[in-house]
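Single-structure report; data block below.
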Amino acid sequence: GYLDTQQQGSHVLAFDGETSKVVVSNTESGSVTLIDIENGGTEIIALADGSEGLLANSGQVWVSNALDGSISVVDPATANVTAHIKSVCSFPIAFSAGQQQRMWVACFASAELVAIDQRTFTVKHRIKLDDQPLNLLLHPAGDLAYISLPRKNAVAEVDLLTGEELQRITVGIEPDGLRWAEVQ
């Protein structure tokens, strides 16, 4: 089937299991579209310029507004914007939820990782990187981040406590998305 987001530049999808809604970021329109997969209804939530990266986490959807440098947090159950965090960084692009109620954001243009407190929606920590990140994934057992570096064809492992790059893994051309896999 086909569902129209009714917006321009639909780009990233996230699924919120608590509400059975698919959230679609609409980069050109600066919005997200909530799609109720049970009844097909849609709701559009206007955010800020360049709405792109998404992460559904604990009943909230985090949205990076890349061109605006801000983060929006949306409640998919009510279609309300819970928080709008201005001036986070230059070109926020991807998220990964961490320990101590911190949401980590990869910022492409400013080449940094930024930690935001998930309760107060305030910036708590910044780590300057040597290269521009496109995506990140936190290790589930500790304070390590794996960061795709498309301009370097590599993935960096960074200690979130010290900010030190522990290793750099050469991979294929322009790595982007990162996911864990179980090897059996």
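Just so we're on the same page: first chain in the structure tokens is A, next is B, and so on; residues restart at 1 for each chain, and ligands are numbered from 1 in the order they show up.
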
Contact residues around region 128-143 of chain A with only C-alpha atoms at 10 Å, ignoring same-chain residues under 5 positions, as a PyMOL selection string: chain A and resi 53+91-99+104-114+148-152+154-165+174-180

Contact residues around His84 (chain A) with only C-alpha atoms at 8 Å, ignoring same-chain residues under 6 positions, as a PyMOL selection string: chain A and resi 70-73

Can you pull out the residues contacting Gly17 (chain A)? Cut-off 9 Å, using only C-alpha atoms, and skip same-chain residues under 4 positions away; I want them as an MDAnalysis selection string. chainID A and resid 21:22 56 59

Save out the residues we just selected, N, CA, C and O atoms, as a short mmCIF file (atom, residue, chain, number, x, y, z; two decimals), in the first residue's frame.
data_model
loop_
_atom_site.label_atom_id
_atom_site.label_comp_id
_atom_site.auth_asym_id
_atom_site.auth_seq_id
_atom_site.Cartn_x
_atom_site.Cartn_y
_atom_site.Cartn_z
N LYS A 21 2.31 3.76 15.93
CA LYS A 21 2.40 4.80 14.91
C LYS A 21 3.77 4.80 14.27
O LYS A 21 4.79 4.57 14.94
N VAL A 22 3.77 5.04 12.98
CA VAL A 22 5.00 5.26 12.25
C VAL A 22 5.18 6.77 12.16
O VAL A 22 4.25 7.50 11.83
N ALA A 56 12.59 6.79 18.20
CA ALA A 56 11.48 6.53 19.12
C ALA A 56 12.08 5.90 20.36
O ALA A 56 12.80 4.89 20.28
N GLY A 59 8.32 6.19 24.70
CA GLY A 59 7.09 6.94 24.49
C GLY A 59 7.28 8.33 23.92
O GLY A 59 6.34 9.11 23.88
#

Computed gap from CA of Val12 (chain A) to CA of Ile44 (chain A) is 14.7 Å

Shell around Leu34 (chain A) at 10 Å using only C-alpha atoms, local window under 4 positions removed, as number ranges by chain: A: 5, 13-16, 20-25, 40-45, 76-77, 79

How would the residues just picked look written out with N, CA and C atoms as an mmCIF file, in the first residue's frame?
data_model
loop_
_atom_site.group_PDB
_atom_site.id
_atom_site.type_symbol
_atom_site.label_atom_id
_atom_site.label_comp_id
_atom_site.auth_asym_id
_atom_site.auth_seq_id
_atom_site.Cartn_x
_atom_site.Cartn_y
_atom_site.Cartn_z
ATOM 1 N N THR A 5 2.442 11.217 2.984
ATOM 2 C CA THR A 5 2.795 11.980 4.180
ATOM 3 C C THR A 5 2.259 13.411 4.108
ATOM 4 N N LEU A 13 12.156 6.999 8.859
ATOM 5 C CA LEU A 13 11.016 6.395 9.550
ATOM 6 C C LEU A 13 11.426 5.930 10.938
ATOM 7 N N ALA A 14 10.502 6.055 11.887
ATOM 8 C CA ALA A 14 10.675 5.467 13.221
ATOM 9 C C ALA A 14 9.326 4.877 13.614
ATOM 10 N N PHE A 15 9.356 3.776 14.341
ATOM 11 C CA PHE A 15 8.121 3.138 14.793
ATOM 12 C C PHE A 15 8.011 3.265 16.296
ATOM 13 N N ASP A 16 6.876 3.778 16.771
ATOM 14 C CA ASP A 16 6.618 3.854 18.198
ATOM 15 C C ASP A 16 5.705 2.685 18.572
ATOM 16 N N SER A 20 1.663 2.246 18.176
ATOM 17 C CA SER A 20 1.558 1.648 16.838
ATOM 18 C C SER A 20 1.507 2.717 15.745
ATOM 19 N N LYS A 21 2.314 3.756 15.930
ATOM 20 C CA LYS A 21 2.396 4.804 14.908
ATOM 21 C C LYS A 21 3.774 4.802 14.273
ATOM 22 N N VAL A 22 3.770 5.044 12.983
ATOM 23 C CA VAL A 22 5.002 5.260 12.254
ATOM 24 C C VAL A 22 5.183 6.766 12.158
ATOM 25 N N VAL A 23 6.393 7.218 12.460
ATOM 26 C CA VAL A 23 6.708 8.637 12.371
ATOM 27 C C VAL A 23 7.652 8.816 11.191
ATOM 28 N N VAL A 24 7.350 9.794 10.341
ATOM 29 C CA VAL A 24 8.149 10.066 9.153
ATOM 30 C C VAL A 24 8.650 11.500 9.241
ATOM 31 N N SER A 25 9.974 11.678 9.110
ATOM 32 C CA SER A 25 10.508 13.043 9.088
ATOM 33 C C SER A 25 10.397 13.587 7.669
ATOM 34 N N GLY A 40 -4.844 3.972 9.520
ATOM 35 C CA GLY A 40 -4.386 4.720 8.350
ATOM 36 C C GLY A 40 -4.475 6.223 8.481
ATOM 37 N N GLY A 41 -4.912 6.728 9.609
ATOM 38 C CA GLY A 41 -4.999 8.178 9.797
ATOM 39 C C GLY A 41 -3.624 8.814 9.894
ATOM 40 N N THR A 42 -3.538 10.079 9.508
ATOM 41 C CA THR A 42 -2.269 10.803 9.586
ATOM 42 C C THR A 42 -2.453 12.127 10.316
ATOM 43 N N GLU A 43 -1.386 12.548 10.991
ATOM 44 C CA GLU A 43 -1.322 13.861 11.626
ATOM 45 C C GLU A 43 0.016 14.469 11.280
ATOM 46 N N ILE A 44 0.021 15.768 10.973
ATOM 47 C CA ILE A 44 1.248 16.475 10.639
ATOM 48 C C ILE A 44 1.589 17.413 11.782
ATOM 49 N N ILE A 45 2.858 17.373 12.210
ATOM 50 C CA ILE A 45 3.320 18.254 13.284
ATOM 51 C C ILE A 45 4.446 19.122 12.720
ATOM 52 N N PRO A 76 3.974 10.906 20.467
ATOM 53 C CA PRO A 76 3.139 10.400 19.370
ATOM 54 C C PRO A 76 1.710 10.062 19.797
ATOM 55 N N ALA A 77 1.479 9.839 21.090
ATOM 56 C CA ALA A 77 0.128 9.525 21.557
ATOM 57 C C ALA A 77 -0.791 10.738 21.477
ATOM 58 N N ALA A 79 0.287 13.785 19.835
ATOM 59 C CA ALA A 79 0.740 14.627 18.714
ATOM 60 C C ALA A 79 1.176 16.011 19.191
#

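The shortest atom-to-atom distance to Asn65 (chain A), with only C-alpha atoms taken into account, belongs to A:Ala48 out of A:Cys89, A:Ile116, A:Val81, A:Ala48.
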
DSSP on the backbone: which residues in region 1-181 of chain A end up as strand (DSSP E or B)? Give the answer as a PyMOL selection string. chain A and resi 10-16+21-26+31-36+42-46+51-57+60-65+70-75+80-85+92-97+102-107+112-117+123-128+135-138+144-149+154-159+165-170

May I have the residues within 9 Å of Glu28 (chain A) as a ChimeraX atom specification, using only C-alpha atoms and disregarding those fewer than 4 positions away in the same chain? /A:7-10,49-51

Please write the residues from the selection above to a file, keeping N, CA and C atoms, as an mmCIF file, in the first residue's frame.
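And here's out_17.cif as it stands now:
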data_model
loop_
_atom_site.group_PDB
_atom_site.id
_atom_site.type_symbol
_atom_site.label_atom_id
_atom_site.label_comp_id
_atom_site.auth_asym_id
_atom_site.auth_seq_id
_atom_site.Cartn_x
_atom_site.Cartn_y
_atom_site.Cartn_z
ATOM 1 N N GLN A 7 3.624 15.881 2.834
ATOM 2 C CA GLN A 7 4.723 16.808 3.076
ATOM 3 C C GLN A 7 5.819 16.583 2.041
ATOM 4 N N GLN A 8 6.816 17.480 2.036
ATOM 5 C CA GLN A 8 7.919 17.389 1.091
ATOM 6 C C GLN A 8 9.169 16.821 1.773
ATOM 7 N N GLY A 9 9.920 16.019 1.032
ATOM 8 C CA GLY A 9 11.203 15.516 1.513
ATOM 9 C C GLY A 9 11.096 14.453 2.584
ATOM 10 N N SER A 10 10.068 13.607 2.533
ATOM 11 C CA SER A 10 9.942 12.532 3.529
ATOM 12 C C SER A 10 11.184 11.663 3.470
ATOM 13 N N ASP A 49 13.215 23.902 10.552
ATOM 14 C CA ASP A 49 13.872 23.633 9.270
ATOM 15 C C ASP A 49 14.735 22.381 9.303
ATOM 16 N N GLY A 50 14.512 21.522 8.319
ATOM 17 C CA GLY A 50 15.371 20.359 8.131
ATOM 18 C C GLY A 50 15.091 19.195 9.044
ATOM 19 N N SER A 51 13.842 18.993 9.468
ATOM 20 C CA SER A 51 13.513 17.837 10.319
ATOM 21 C C SER A 51 13.977 16.561 9.625
#

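Separating CA of Thr122 (chain A) from CA of Gly69 (chain A) is a distance of 14.2 Å.
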
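When CA of Arg102 (chain A) is paired with CA of Ala66 (chain A), their separation reads 19.6 Å.
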
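Compared by their closest atoms to Ala83 (chain A), and using only C-alpha atoms, the residues A:Gly30, A:Ala181, A:Tyr2, A:Gln118 rank with A:Gln118 nearest.
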